[in-house]
Each structure stands twice: as structure tokens, then as C-alpha cells.
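J.: Sharing a structure below in C-alpha cells format, with a few things to ask.
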Amino acid sequence: MFVRKALAAGPFLGLAVLLATGSPVAAAGSVAEGHLLARQWCSACHIADAAQASGSADVPPFTEIAAAETLTADNLAAFLANPHPVMPDMALTRDEIADLVAYIRSLRSE
Ligand code: HEC
């Protein structure tokens with residue numbers, strides 16, 4: 001919980017620190033909450049975790065997104081700040097975005 005309070009105080013500072021230190025796991029959001037959000041909101045299309053057998057064709061699984069060389073917490077958060085074109089109703093809060101970023105980045109080491 002202390003992590004989330006710190007996030008509310010300065011999400012962008014948190015991301016800047018994360019980028020500066022190059023930590024493999026995002027410090028700003030909660031991996032566990034991001035995982036729950038991913039199952040709830042993302043698994044209709046993406047394969048969101050190892051327990052999920054299939055997602056939509058042509059939608060990248062989160063492990064693939066996490067492994068991309070170009071992925072940073074910054075560009076992932078920026079992508080999630082706007083709904084994907086195919087998802088007109090998705091509006092995530094900053095906290096939810098930070099949690100999802102933390103979760104997806106955590107998949108990198110698995
Ligand atoms: C309605 C289906 C659908 C849902 C639900 C969905 N996505 Fe996506 N997502 C897509 C499609 C299709 C693409 C690829 C096309 C694009 O980038 O718009 C994509 C692309 C992405 C990408 C970029 C991948 C890349 O390599 O550029 C990220 C990151 C992402 N989704 C995260 C999420 C997260 C996090 C959620 C849940 C909050 C979510 N998506 C929910 C369909 C979906």
C-alpha cells in the first residue's frame with residue numbers, strides 16, 4: 001500500500017526515477033493489482049498471463065509486449081493513457097496504468 005501512496009504523490013517522478021535507475025521491475029505500480037486488472041480488462045483480447053490458453057488472433061500476448069526491446073515504462077504508460085483504437089470505452093486511471101505497467105514489465109523476467 002505504501003507504494004500506491006507514493007504513486008499518488010508523484011507518478012511521473014516515480015517513472016522518471018525508474019527510467020533513470022533502469023530497474024527491471026517498475027517501482028511505481030503494484031504488480032499484483034496490475035495482474036488483476038489485466039485479467040479483468042485485457043484478457044478478452046491479449047493473453048494476459050500463463051494461465052490463459054488463448055486470446056484474439058493478431059493481438060500480442062503480454063509476454064511478447066514485455067519482451068520487446070523498445071518497451072519502457074514510459075512508452076507503455078503513454079500507450080495505455082489512450083484507449084486502443086479498437087477499444088472505444090477503455091479509460092484507465094493513472095493508478096490503473098501504473099499497476100498494469102508494473103505487471104506487464106514484471107513478465108519480462110519470467
Ligand atoms: C478489444 C480487444 C483488446 C483489449 C480488451 C485490449 N487490447 Fe491491447 N491491443 C489490442 C490490439 C488489437 C492491439 C494491436 C493493435 C494496436 O496497437 O492497436 C493491442 C495492442 C496493445 C499494446 C501494444 C502492443 C505493441 O506491441 O505495440 C499494448 C501495450 C496493449 N495492447 C495493452 C493492453 C492492456 C494493458 C489492456 C487491458 C487494460 C488491453 N491491451 C486490452 C486489443 C485489445
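Quick note on naming: the chains in the C-alpha cells go A, B, ... in the order shown, residues restart at 1 in each chain, and ligands are numbered from 1 in order of appearance.
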What's the 9 Å shell around Gly34 of chain A, counting only C-alpha atoms, without same-chain residues fewer than 5 positions away, as a PDB file with N, CA and C atoms, in the first residue's frame?

T.:
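Wrote out-v2.pdb, looks like this:
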```pdb
ATOM      1  N   GLY A  29       3.981   1.087  -9.636  1.00  0.00           N
ATOM      2  CA  GLY A  29       2.674   0.444  -9.557  1.00  0.00           C
ATOM      3  C   GLY A  29       2.750  -0.887  -8.836  1.00  0.00           C
ATOM      4  N   ARG A  39      -6.266  -9.294 -16.105  1.00  0.00           N
ATOM      5  CA  ARG A  39      -7.230 -10.394 -16.270  1.00  0.00           C
ATOM      6  C   ARG A  39      -8.624  -9.851 -16.554  1.00  0.00           C
ATOM      7  N   GLU A  96      -4.329   2.756 -12.248  1.00  0.00           N
ATOM      8  CA  GLU A  96      -4.506   1.509 -13.002  1.00  0.00           C
ATOM      9  C   GLU A  96      -3.410   1.351 -14.051  1.00  0.00           C
ATOM     10  N   ILE A  97      -3.069   2.443 -14.708  1.00  0.00           N
ATOM     11  CA  ILE A  97      -1.996   2.393 -15.701  1.00  0.00           C
ATOM     12  C   ILE A  97      -0.681   1.997 -15.046  1.00  0.00           C
ATOM     13  N   ALA A  98      -0.381   2.595 -13.901  1.00  0.00           N
ATOM     14  CA  ALA A  98       0.885   2.267 -13.218  1.00  0.00           C
ATOM     15  C   ALA A  98       0.911   0.797 -12.813  1.00  0.00           C
ATOM     16  N   ASP A  99      -0.233   0.287 -12.349  1.00  0.00           N
ATOM     17  CA  ASP A  99      -0.303  -1.125 -11.954  1.00  0.00           C
ATOM     18  C   ASP A  99      -0.101  -2.039 -13.166  1.00  0.00           C
ATOM     19  N   LEU A 100      -0.742  -1.687 -14.282  1.00  0.00           N
ATOM     20  CA  LEU A 100      -0.596  -2.502 -15.490  1.00  0.00           C
ATOM     21  C   LEU A 100       0.833  -2.455 -16.026  1.00  0.00           C
ATOM     22  N   VAL A 101       1.439  -1.280 -15.976  1.00  0.00           N
ATOM     23  CA  VAL A 101       2.838  -1.153 -16.404  1.00  0.00           C
ATOM     24  C   VAL A 101       3.717  -2.035 -15.525  1.00  0.00           C
ATOM     25  N   ALA A 102       3.494  -1.991 -14.219  1.00  0.00           N
ATOM     26  CA  ALA A 102       4.293  -2.805 -13.297  1.00  0.00           C
ATOM     27  C   ALA A 102       4.111  -4.285 -13.616  1.00  0.00           C
ATOM     28  N   TYR A 103       2.863  -4.673 -13.856  1.00  0.00           N
ATOM     29  CA  TYR A 103       2.590  -6.086 -14.134  1.00  0.00           C
ATOM     30  C   TYR A 103       3.231  -6.539 -15.444  1.00  0.00           C
ATOM     31  N   ILE A 104       2.985  -5.791 -16.514  1.00  0.00           N
ATOM     32  CA  ILE A 104       3.498  -6.213 -17.817  1.00  0.00           C
ATOM     33  C   ILE A 104       5.021  -6.255 -17.789  1.00  0.00           C
TER      34      ILE A 104
END
```

J.: Could you give me, as a PyMOL selection string, every polymer residue with an atom at most 9 Å away from an atom of ligand 1, counting only C-alpha atoms and all ligand atoms?

T.: chain A and resi 34+37-46+48+56-62+64-66+68+71+75-77+79-80+83-88+90-92+96-97+100-101+104

J.: Hey, can you spit out that residue selection with N, CA and C atoms as a compact mmCIF listing (two decimals), in the first residue's frame?

T.:
```txt
# COMPACT_ATOMS: atom_id res chain seq x y z
N GLY A 34 -1.98 -4.92 -11.00
CA GLY A 34 -1.90 -4.88 -12.45
C GLY A 34 -2.32 -6.21 -13.06
N LEU A 37 -6.07 -6.39 -12.91
CA LEU A 37 -6.64 -5.51 -13.95
C LEU A 37 -6.47 -6.14 -15.33
N ALA A 38 -5.32 -6.74 -15.56
CA ALA A 38 -5.06 -7.35 -16.86
C ALA A 38 -6.03 -8.49 -17.12
N ARG A 39 -6.27 -9.29 -16.11
CA ARG A 39 -7.23 -10.39 -16.27
C ARG A 39 -8.62 -9.85 -16.55
N GLN A 40 -8.97 -8.80 -15.84
CA GLN A 40 -10.32 -8.25 -15.95
C GLN A 40 -10.54 -7.51 -17.27
N TRP A 41 -9.57 -6.66 -17.65
CA TRP A 41 -9.81 -5.74 -18.75
C TRP A 41 -9.10 -6.12 -20.05
N CYS A 42 -8.09 -6.91 -19.99
CA CYS A 42 -7.26 -7.11 -21.16
C CYS A 42 -7.35 -8.52 -21.73
N SER A 43 -7.79 -9.48 -20.92
CA SER A 43 -7.68 -10.88 -21.33
C SER A 43 -8.71 -11.27 -22.39
N ALA A 44 -9.68 -10.40 -22.67
CA ALA A 44 -10.61 -10.70 -23.76
C ALA A 44 -9.85 -10.76 -25.08
N CYS A 45 -8.76 -10.03 -25.17
CA CYS A 45 -8.01 -9.98 -26.43
C CYS A 45 -6.58 -10.49 -26.28
N HIS A 46 -5.89 -10.00 -25.25
CA HIS A 46 -4.49 -10.40 -25.03
C HIS A 46 -4.43 -11.65 -24.16
N ALA A 48 -3.05 -12.64 -21.13
CA ALA A 48 -2.57 -11.75 -20.07
C ALA A 48 -1.68 -12.46 -19.06
N SER A 56 -7.22 -13.22 -28.64
CA SER A 56 -7.63 -12.98 -30.02
C SER A 56 -6.45 -13.21 -30.95
N ALA A 57 -6.73 -13.66 -32.14
CA ALA A 57 -5.69 -13.75 -33.16
C ALA A 57 -5.19 -12.34 -33.44
N ASP A 58 -3.91 -12.21 -33.74
CA ASP A 58 -3.30 -10.93 -34.11
C ASP A 58 -3.17 -9.93 -32.97
N VAL A 59 -3.46 -10.33 -31.75
CA VAL A 59 -3.24 -9.44 -30.61
C VAL A 59 -2.03 -9.97 -29.84
N PRO A 60 -1.01 -9.13 -29.63
CA PRO A 60 0.21 -9.65 -28.99
C PRO A 60 -0.02 -10.06 -27.53
N PRO A 61 0.46 -11.25 -27.14
CA PRO A 61 0.39 -11.64 -25.73
C PRO A 61 1.26 -10.69 -24.89
N PHE A 62 0.93 -10.57 -23.61
CA PHE A 62 1.68 -9.64 -22.76
C PHE A 62 3.15 -10.04 -22.62
N GLU A 64 4.96 -11.15 -24.94
CA GLU A 64 5.63 -10.64 -26.13
C GLU A 64 5.82 -9.13 -26.04
N ILE A 65 4.78 -8.44 -25.54
CA ILE A 65 4.88 -6.99 -25.35
C ILE A 65 6.01 -6.69 -24.36
N ALA A 66 6.05 -7.49 -23.28
CA ALA A 66 7.04 -7.25 -22.23
C ALA A 66 8.46 -7.47 -22.74
N ALA A 68 9.64 -6.93 -25.72
CA ALA A 68 10.07 -6.03 -26.80
C ALA A 68 11.21 -5.14 -26.34
N LEU A 71 10.42 -1.53 -25.30
CA LEU A 71 9.48 -1.24 -24.22
C LEU A 71 10.14 -0.51 -23.05
N ASN A 75 6.94 4.58 -22.31
CA ASN A 75 6.13 4.49 -23.53
C ASN A 75 4.94 3.55 -23.34
N LEU A 76 5.07 2.58 -22.43
CA LEU A 76 3.93 1.72 -22.14
C LEU A 76 2.82 2.52 -21.45
N ALA A 77 3.20 3.34 -20.48
CA ALA A 77 2.21 4.18 -19.79
C ALA A 77 1.57 5.15 -20.77
N PHE A 79 1.16 4.72 -23.99
CA PHE A 79 0.24 3.96 -24.85
C PHE A 79 -1.07 3.72 -24.12
N LEU A 80 -0.98 3.35 -22.83
CA LEU A 80 -2.18 2.99 -22.07
C LEU A 80 -3.01 4.20 -21.64
N PRO A 83 -7.10 4.99 -25.07
CA PRO A 83 -7.66 3.69 -25.43
C PRO A 83 -7.08 3.24 -26.76
N HIS A 84 -6.94 1.92 -26.93
CA HIS A 84 -6.53 1.46 -28.26
C HIS A 84 -7.66 1.85 -29.22
N PRO A 85 -7.36 1.96 -30.50
CA PRO A 85 -8.39 2.29 -31.49
C PRO A 85 -9.59 1.34 -31.44
N VAL A 86 -9.31 0.06 -31.16
CA VAL A 86 -10.40 -0.92 -31.18
C VAL A 86 -11.15 -0.99 -29.86
N MET A 87 -10.79 -0.13 -28.90
CA MET A 87 -11.40 -0.21 -27.58
C MET A 87 -11.97 1.15 -27.17
N PRO A 88 -13.06 1.56 -27.75
CA PRO A 88 -13.55 2.92 -27.52
C PRO A 88 -13.89 3.25 -26.08
N MET A 90 -12.42 2.05 -23.18
CA MET A 90 -11.44 1.81 -22.14
C MET A 90 -10.83 3.14 -21.68
N ALA A 91 -11.06 3.50 -20.43
CA ALA A 91 -10.46 4.69 -19.85
C ALA A 91 -9.85 4.28 -18.52
N LEU A 92 -8.52 4.19 -18.47
CA LEU A 92 -7.83 3.73 -17.28
C LEU A 92 -7.39 4.93 -16.45
N GLU A 96 -4.33 2.76 -12.25
CA GLU A 96 -4.51 1.51 -13.00
C GLU A 96 -3.41 1.35 -14.05
N ILE A 97 -3.07 2.44 -14.71
CA ILE A 97 -2.00 2.39 -15.70
C ILE A 97 -0.68 2.00 -15.05
N LEU A 100 -0.74 -1.69 -14.28
CA LEU A 100 -0.60 -2.50 -15.49
C LEU A 100 0.83 -2.45 -16.03
N VAL A 101 1.44 -1.28 -15.98
CA VAL A 101 2.84 -1.15 -16.40
C VAL A 101 3.72 -2.03 -15.52
N ILE A 104 2.98 -5.79 -16.51
CA ILE A 104 3.50 -6.21 -17.82
C ILE A 104 5.02 -6.26 -17.79
```

J.: Between atom CA of Ala73 of chain A and atom CA of Thr93 of chain A, what distance in Å does the model show, to one decimal?

T.: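 It comes out at 15.6 Å.
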
J.: By how many Å are atom CA of Arg94 of chain A and atom CA of Ser54 of chain A apart?

T.: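 Straight-line distance from atom CA of Arg94 of chain A to atom CA of Ser54 of chain A works out to 27.9 Å.
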